[in-house]
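S.K.: Here it is, the structure in full.
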Amino acid sequence: MTSVPWDQARAAAFRAGADSARPAVEMPLAGADGLTLAAPLVTLTDLPAFATSSIDGWAVRGPAPWRVVGRVLAGGTATPLPDDGTCVEIATGAMVPAGTEQILRVEESRLDGDLVTGQPRPNPEWRVPGEEASRGEELLPAGAPVTPGVIGLAASCGYDALSVRAAPRAAVLVFGDELLTSGPPGAGRVRDSLGPQIPAWLRRLGATVDASMGPVKDTLDAHVDAIRAAFDSGVDVVCTTGGTMHGPVDHLHPALAELGASYVVNTVAVRPGFPMLLAALPDGRFLAGLPGNPQSAIVALASLVAPLLAGLQGRPSPALPSVTLGAPVAGRGSYTHLALVRMDGGLAYPVAHGGSSMLRGLAQSVGFVVVAPGTDGEKGTTLPLVPLPMFEGERP
């Protein structure tokens, strides 16, 4: 079987997700955080909708002195200034009365009885309608993630709810009779390190997921039953760990055949992690087969699952930033090499303990540099980076 080039596999995973994007739903602002805009965010009004004072002071008309004829506070409706030589006390954020020529800062004014004197500053001290945006202007495109800032912007535009794409639901199945779920490894058995971490990575990619299930017994019937049960729970994506090769206890491929699945990607020309796969069930939902070696599984997650989930959420294909190498990174012949790196002084350095079965290097890294087939990453070379999905403030 011919392995798919890494960049083509990544693109295929994104297209598969985009073609099956989650439906749009109306969500109250408070519940939209972390989801994705299903429609452009367009202003419902000018921002600001009316002229508003930037300071506390006096809205004045004509030359000084000015006679105080009223007060306008934030939330109130301002009546026009009637004549030259009049003013009203005005609060920050309050509506500027029609006829106002300048606003005098309170700390630069003098009040004597009902007369105000002072020298207004030359620049206007208020915001004009449409200064930030005009009614009908597109502020954000469909596909933009909803952050707290986006929620605040939407509220300022007058929205009570947003059209968003619901978060994809995912499940994690761990395969392997050799795995322990508690305590230290020993006596031929190893500790499952993927079951505890894959759900957390998926959440950082925008999916909702409960704890992982397993270990699933190394039999074909057990694999089929576990996959069916996971999809019966209503998830959009099932991520499995292990069993992606064709060894004596690797049952994922026969299980997919029994379930009538078709391959979107079946093995990728990348190291580590080449036996990764992505399959579609007849009903359009997806199974991502992650290799059993821990670092290989994370390579598969970053290569196939991240773009798949982006597509399902209606987001653009994840962009790959560039980094400059502070030390060389060897290539892997005809394979793309995804090599873990850490950042130091603005440069990317390969981490130690980077074997496919190791996690020590992963815990210290920001992501994988992409070394193209047939090349080496020389010191000073600028290469694409596949960043590990992180919440704000988590990068080492």
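By convention in this document, the chains of the structure tokens carry letters A, B, ... by their order, each chain's residues are numbered from 1, and ligands are numbered from 1 in the order they are shown.
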Which residues in range 122-268 of chain A does DSSP call helix (DSSP H, G or I)? List them as an MDAnalysis selection string.
M.R.: chainID A and resid 148:157 194:204 220:232 252:258
S.K.: Please identify all polymer residues within 12 Å of Asp177 in chain A, counting only C-alpha atoms, omitting same-chain residues fewer than 4 positions from it, and present them as a list in words.
M.R.: Thr181, Gly188, Arg189, Val190, Arg191, Asp192, Gly214, Pro215, Val216, Lys217, Asp218, Thr219, Ala222, His223, Gly242, Gly243, Val249 and Asp250 of chain A
S.K.: Please write the residues from the selection above to a file, keeping C-alpha atoms, as a PDB file, in the first residue's frame.
M.R.:
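Resulting contents of result_0.pdb:
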```
ATOM      1  CA  THR A 181      -4.649   2.005  33.805  1.00  0.00           C
ATOM      2  CA  GLY A 188       5.463  -7.182  30.680  1.00  0.00           C
ATOM      3  CA  ARG A 189       2.709  -4.567  30.954  1.00  0.00           C
ATOM      4  CA  VAL A 190       3.003  -0.840  30.287  1.00  0.00           C
ATOM      5  CA  ARG A 191       1.029   2.085  31.600  1.00  0.00           C
ATOM      6  CA  ASP A 192      -1.541   3.593  29.262  1.00  0.00           C
ATOM      7  CA  GLY A 214     -10.740   0.894  27.525  1.00  0.00           C
ATOM      8  CA  PRO A 215      -8.423  -0.821  27.303  1.00  0.00           C
ATOM      9  CA  VAL A 216     -10.444  -2.761  24.747  1.00  0.00           C
ATOM     10  CA  LYS A 217      -9.523  -6.446  24.504  1.00  0.00           C
ATOM     11  CA  ASP A 218      -7.379  -7.504  21.576  1.00  0.00           C
ATOM     12  CA  THR A 219     -10.104  -9.377  19.695  1.00  0.00           C
ATOM     13  CA  ALA A 222     -14.328  -6.525  21.101  1.00  0.00           C
ATOM     14  CA  HIS A 223     -13.032  -3.872  18.679  1.00  0.00           C
ATOM     15  CA  GLY A 242      -3.072   1.255  18.693  1.00  0.00           C
ATOM     16  CA  GLY A 243      -3.918  -1.549  16.304  1.00  0.00           C
ATOM     17  CA  VAL A 249      -3.471  -8.503  17.512  1.00  0.00           C
ATOM     18  CA  ASP A 250      -4.078  -5.479  15.253  1.00  0.00           C
TER      19      ASP A 250
END
```
S.K.: Which one of A:Pro318, A:Pro145, A:Gly326, A:Pro168 sits closest to Ala38 in chain A if you count only C-alpha atoms?
M.R.: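 Of A:Pro318, A:Pro145, A:Gly326, A:Pro168, the one nearest Ala38 in chain A, counting only C-alpha atoms, is A:Pro145.
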S.K.: Can you pull out the residues contacting range 275-283 of chain A? Cut-off 10 Å, using only C-alpha atoms, and skip same-chain residues under 6 positions away; I want them as a PyMOL selection string.
M.R.: chain A and resi 3+9+12-13+16+231+237-246+253+256-257+259-269+289-292+296-297+299-301+303-305+308
S.K.: Any chance you could export the current selection's N, CA and C atoms as a CSV table (one decimal), in the first residue's frame?
M.R.:
```csv
chain,number,residue,atom,x,y,z
A,3,SER,N,1.9,4.9,0.9
A,3,SER,CA,1.6,5.9,1.9
A,3,SER,C,1.3,7.3,1.2
A,9,ALA,N,-2.2,14.3,3.0
A,9,ALA,CA,-3.0,13.6,4.0
A,9,ALA,C,-3.7,14.7,4.9
A,12,ALA,N,-6.5,16.3,3.0
A,12,ALA,CA,-7.6,15.4,2.8
A,12,ALA,C,-8.5,15.3,4.1
A,13,ALA,N,-7.8,15.3,5.2
A,13,ALA,CA,-8.5,15.3,6.5
A,13,ALA,C,-9.3,16.6,6.7
A,16,ALA,N,-12.4,16.5,4.4
A,16,ALA,CA,-13.4,15.6,4.9
A,16,ALA,C,-14.2,16.2,6.0
A,231,PHE,N,-19.9,5.1,18.8
A,231,PHE,CA,-20.7,5.9,17.8
A,231,PHE,C,-22.2,5.9,18.2
A,237,VAL,N,-16.8,11.9,16.1
A,237,VAL,CA,-15.4,11.4,15.8
A,237,VAL,C,-15.0,10.4,16.9
A,238,VAL,N,-14.5,9.2,16.5
A,238,VAL,CA,-13.9,8.3,17.5
A,238,VAL,C,-12.4,8.3,17.2
A,239,CYS,N,-11.6,8.5,18.2
A,239,CYS,CA,-10.2,8.3,18.1
A,239,CYS,C,-9.8,7.0,18.8
A,240,THR,N,-9.1,6.2,18.1
A,240,THR,CA,-8.6,4.9,18.7
A,240,THR,C,-7.1,5.0,18.8
A,241,THR,N,-6.5,4.2,19.8
A,241,THR,CA,-5.1,4.2,19.9
A,241,THR,C,-4.6,2.8,19.8
A,242,GLY,N,-3.6,2.6,18.9
A,242,GLY,CA,-3.1,1.3,18.7
A,242,GLY,C,-3.8,0.5,17.6
A,243,GLY,N,-3.2,-0.6,17.2
A,243,GLY,CA,-3.9,-1.5,16.3
A,243,GLY,C,-4.0,-1.1,14.9
A,244,THR,N,-3.2,-0.1,14.5
A,244,THR,CA,-3.3,0.4,13.1
A,244,THR,C,-2.4,-0.3,12.1
A,245,MET,N,-1.6,-1.2,12.6
A,245,MET,CA,-0.7,-2.1,11.7
A,245,MET,C,-1.5,-3.3,11.3
A,246,HIS,N,-0.8,-4.4,10.9
A,246,HIS,CA,-1.4,-5.6,10.5
A,246,HIS,C,-0.8,-6.8,11.2
A,253,HIS,N,-8.2,-2.5,11.2
A,253,HIS,CA,-8.6,-2.6,9.8
A,253,HIS,C,-9.7,-3.6,9.5
A,256,LEU,N,-12.9,-2.0,10.8
A,256,LEU,CA,-13.4,-1.0,9.9
A,256,LEU,C,-14.1,-1.6,8.7
A,257,ALA,N,-13.6,-2.7,8.2
A,257,ALA,CA,-14.2,-3.4,7.0
A,257,ALA,C,-15.6,-4.0,7.4
A,259,LEU,N,-17.5,-2.8,9.6
A,259,LEU,CA,-18.4,-1.6,9.8
A,259,LEU,C,-18.8,-0.9,8.5
A,260,GLY,N,-18.2,-1.3,7.4
A,260,GLY,CA,-18.5,-0.7,6.1
A,260,GLY,C,-17.8,0.6,5.9
A,261,ALA,N,-16.7,0.9,6.7
A,261,ALA,CA,-16.0,2.2,6.6
A,261,ALA,C,-15.2,2.3,5.3
A,262,SER,N,-14.9,3.5,4.9
A,262,SER,CA,-14.0,3.7,3.8
A,262,SER,C,-12.9,4.6,4.3
A,263,TYR,N,-11.7,4.5,3.7
A,263,TYR,CA,-10.6,5.3,4.1
A,263,TYR,C,-10.6,6.6,3.5
A,264,VAL,N,-10.4,7.6,4.3
A,264,VAL,CA,-10.0,9.0,3.8
A,264,VAL,C,-8.5,9.0,3.6
A,265,VAL,N,-7.8,8.5,4.6
A,265,VAL,CA,-6.3,8.4,4.5
A,265,VAL,C,-5.9,7.1,5.2
A,266,ASN,N,-5.1,6.3,4.5
A,266,ASN,CA,-4.6,5.0,5.1
A,266,ASN,C,-3.1,4.9,5.0
A,267,THR,N,-2.4,5.2,6.1
A,267,THR,CA,-1.0,5.4,6.2
A,267,THR,C,-0.5,6.6,5.5
A,268,VAL,N,0.5,7.3,6.2
A,268,VAL,CA,1.0,8.6,5.7
A,268,VAL,C,2.5,8.5,5.7
A,269,ALA,N,3.1,9.1,4.7
A,269,ALA,CA,4.6,9.1,4.5
A,269,ALA,C,5.2,10.1,5.5
A,289,GLY,N,-7.6,6.6,13.5
A,289,GLY,CA,-6.7,5.5,14.1
A,289,GLY,C,-5.4,6.1,14.4
A,290,LEU,N,-5.1,6.2,15.7
A,290,LEU,CA,-3.8,6.8,16.1
A,290,LEU,C,-2.9,5.6,16.4
A,291,PRO,N,-1.6,5.6,16.0
A,291,PRO,CA,-0.7,4.5,16.4
A,291,PRO,C,-0.6,4.4,17.9
A,292,GLY,N,-0.1,3.2,18.3
A,292,GLY,CA,0.0,3.0,19.8
A,292,GLY,C,1.2,3.6,20.4
A,296,SER,N,4.0,8.9,18.4
A,296,SER,CA,3.4,8.7,17.1
A,296,SER,C,1.9,9.0,17.1
A,297,ALA,N,1.2,8.7,18.2
A,297,ALA,CA,-0.2,9.0,18.3
A,297,ALA,C,-0.4,10.5,18.3
A,299,VAL,N,1.6,12.8,16.8
A,299,VAL,CA,1.8,13.2,15.4
A,299,VAL,C,0.6,13.0,14.6
A,300,ALA,N,-0.1,11.8,14.8
A,300,ALA,CA,-1.3,11.6,14.0
A,300,ALA,C,-2.4,12.5,14.4
A,301,LEU,N,-2.5,12.8,15.7
A,301,LEU,CA,-3.5,13.8,16.2
A,301,LEU,C,-3.3,15.1,15.5
A,303,SER,N,-1.6,15.7,12.8
A,303,SER,CA,-1.6,15.6,11.3
A,303,SER,C,-3.0,15.4,10.7
A,304,LEU,N,-3.9,14.6,11.3
A,304,LEU,CA,-5.2,14.3,10.8
A,304,LEU,C,-6.3,14.8,11.6
A,305,VAL,N,-6.3,14.6,12.9
A,305,VAL,CA,-7.4,15.0,13.8
A,305,VAL,C,-7.6,16.5,13.9
A,308,LEU,N,-9.2,17.8,10.7
A,308,LEU,CA,-10.5,17.2,10.6
A,308,LEU,C,-11.5,18.0,11.5
```
S.K.: Which residues in range 100-285 of chain A does DSSP call strand (DSSP E)? List them as a short mmCIF file (atom, residue, chain, number, x, y, z; two decimals) with C-alpha atoms, in the first residue's frame.
M.R.:
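Generated file (states-v4.cif):
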```
data_model
loop_
_atom_site.label_atom_id
_atom_site.label_comp_id
_atom_site.auth_asym_id
_atom_site.auth_seq_id
_atom_site.Cartn_x
_atom_site.Cartn_y
_atom_site.Cartn_z
CA GLN A 102 -16.48 71.34 22.47
CA ILE A 103 -16.24 69.40 25.70
CA LEU A 104 -14.30 70.95 28.56
CA ARG A 105 -12.64 68.61 31.04
CA SER A 109 -12.80 74.06 34.37
CA ARG A 110 -14.06 76.50 36.98
CA LEU A 111 -17.66 76.73 38.18
CA ASP A 112 -18.78 80.05 39.70
CA LEU A 115 -21.27 79.92 35.04
CA VAL A 116 -18.45 77.74 33.76
CA THR A 117 -15.11 78.99 32.42
CA GLY A 118 -12.04 77.21 31.10
CA TRP A 126 -16.02 62.62 22.15
CA ARG A 127 -16.49 59.60 19.94
CA GLU A 138 -18.44 42.88 8.56
CA LEU A 139 -16.28 42.68 11.66
CA LEU A 140 -15.39 38.98 11.60
CA ALA A 161 -27.26 35.33 20.37
CA LEU A 162 -24.83 34.19 17.69
CA SER A 163 -25.09 31.74 14.82
CA VAL A 164 -22.35 29.22 15.62
CA ARG A 165 -21.34 25.69 14.77
CA ARG A 169 -18.33 15.40 19.96
CA ALA A 170 -15.50 12.90 20.23
CA ALA A 171 -14.80 9.61 21.99
CA VAL A 172 -11.48 7.89 22.70
CA LEU A 173 -11.00 4.10 22.58
CA VAL A 174 -7.78 2.62 23.89
CA PHE A 175 -6.77 -0.77 22.44
CA LEU A 179 -1.97 -1.72 29.09
CA LEU A 180 -2.34 -0.83 32.75
CA VAL A 190 3.00 -0.84 30.29
CA ARG A 191 1.03 2.08 31.60
CA THR A 208 -16.23 17.94 23.59
CA VAL A 209 -15.14 14.57 24.95
CA MET A 213 -12.80 4.07 27.25
CA GLY A 214 -10.74 0.89 27.52
CA PRO A 215 -8.42 -0.82 27.30
CA VAL A 216 -10.44 -2.76 24.75
CA VAL A 237 -15.42 11.36 15.79
CA VAL A 238 -13.91 8.30 17.45
CA CYS A 239 -10.17 8.32 18.10
CA THR A 240 -8.59 4.91 18.68
CA THR A 241 -5.08 4.21 19.93
CA SER A 262 -14.02 3.73 3.77
CA TYR A 263 -10.57 5.26 4.11
CA VAL A 264 -10.02 8.97 3.80
CA VAL A 265 -6.30 8.38 4.53
CA ASN A 266 -4.61 5.02 5.10
CA VAL A 268 1.02 8.57 5.75
CA ALA A 269 4.58 9.06 4.55
CA VAL A 270 5.67 10.68 7.81
CA ARG A 271 7.98 9.72 10.66
CA LEU A 277 -5.42 6.46 9.36
CA LEU A 278 -8.69 8.33 8.98
CA ALA A 279 -11.86 6.50 7.93
CA ALA A 280 -15.44 7.53 7.27
#
```
S.K.: How many Å separate CA of Glu132 in chain A from CA of Met27 in chain A?
M.R.: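 Atom-to-atom, CA of Glu132 in chain A to CA of Met27 in chain A, that is 25.2 Å.
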S.K.: Of the candidates A:Pro387, A:Gly70, A:Pro5, A:Gly17, which one gets nearest to Leu312 in chain A if we count only C-alpha atoms?
M.R.: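 Smallest separation from Leu312 in chain A among the options: A:Gly17.
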S.K.: Calculate how many Å separate CA of Ala142 in chain A from CA of Ser156 in chain A, rounding to one decimal.
M.R.: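 Interatomic distance here is 18.5 Å.
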S.K.: I'd like the neighbourhood of Val68 in chain A as a ChimeraX atom specification, where a residue qualifies if any of its atoms comes within 10 Å (using only C-alpha atoms), though same-chain residues fewer than 2 positions away should be ignored.
M.R.: /A:58-60,65-66,70-71,85-89,111,113-116
S.K.: Determine the nearest neighbour of Thr52 in chain A from the options A:Gly76, A:Pro120, A:Pro199, A:Pro40, counting only C-alpha atoms.
M.R.: A:Gly76
S.K.: Could you jot down the CA of Glu137 in chain A to CA of Thr43 in chain A separation for me, Å, one decimal place?
M.R.: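 Between CA of Glu137 in chain A and CA of Thr43 in chain A the gap is 5.6 Å.
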S.K.: Could you give me, as a ChimeraX atom specification, the residues within 8 Å of Pro321 in chain A, counting only C-alpha atoms and dropping anything in the same chain fewer than 4 positions from it?
M.R.: /A:384-386
S.K.: Take the selection from the previous step and output its residues with N, CA and C atoms, as a CSV table (one decimal), in the first residue's frame.
M.R.:
```csv
chain,number,residue,atom,x,y,z
A,384,PRO,N,8.3,25.2,8.6
A,384,PRO,CA,6.9,25.3,9.1
A,384,PRO,C,6.9,24.6,10.5
A,385,LEU,N,6.0,25.0,11.4
A,385,LEU,CA,5.8,24.4,12.7
A,385,LEU,C,4.4,23.9,12.8
A,386,VAL,N,4.2,22.7,13.2
A,386,VAL,CA,2.8,22.2,13.6
A,386,VAL,C,2.7,22.4,15.1
```
S.K.: Name the closest residue to His337 in chain A among the candidates A:Gln313, A:Ala372, A:Leu320, A:Ile298; distances are taken between atoms, counting only C-alpha atoms.
M.R.: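 Using only C-alpha atoms, His337 in chain A sits closest to A:Ala372.
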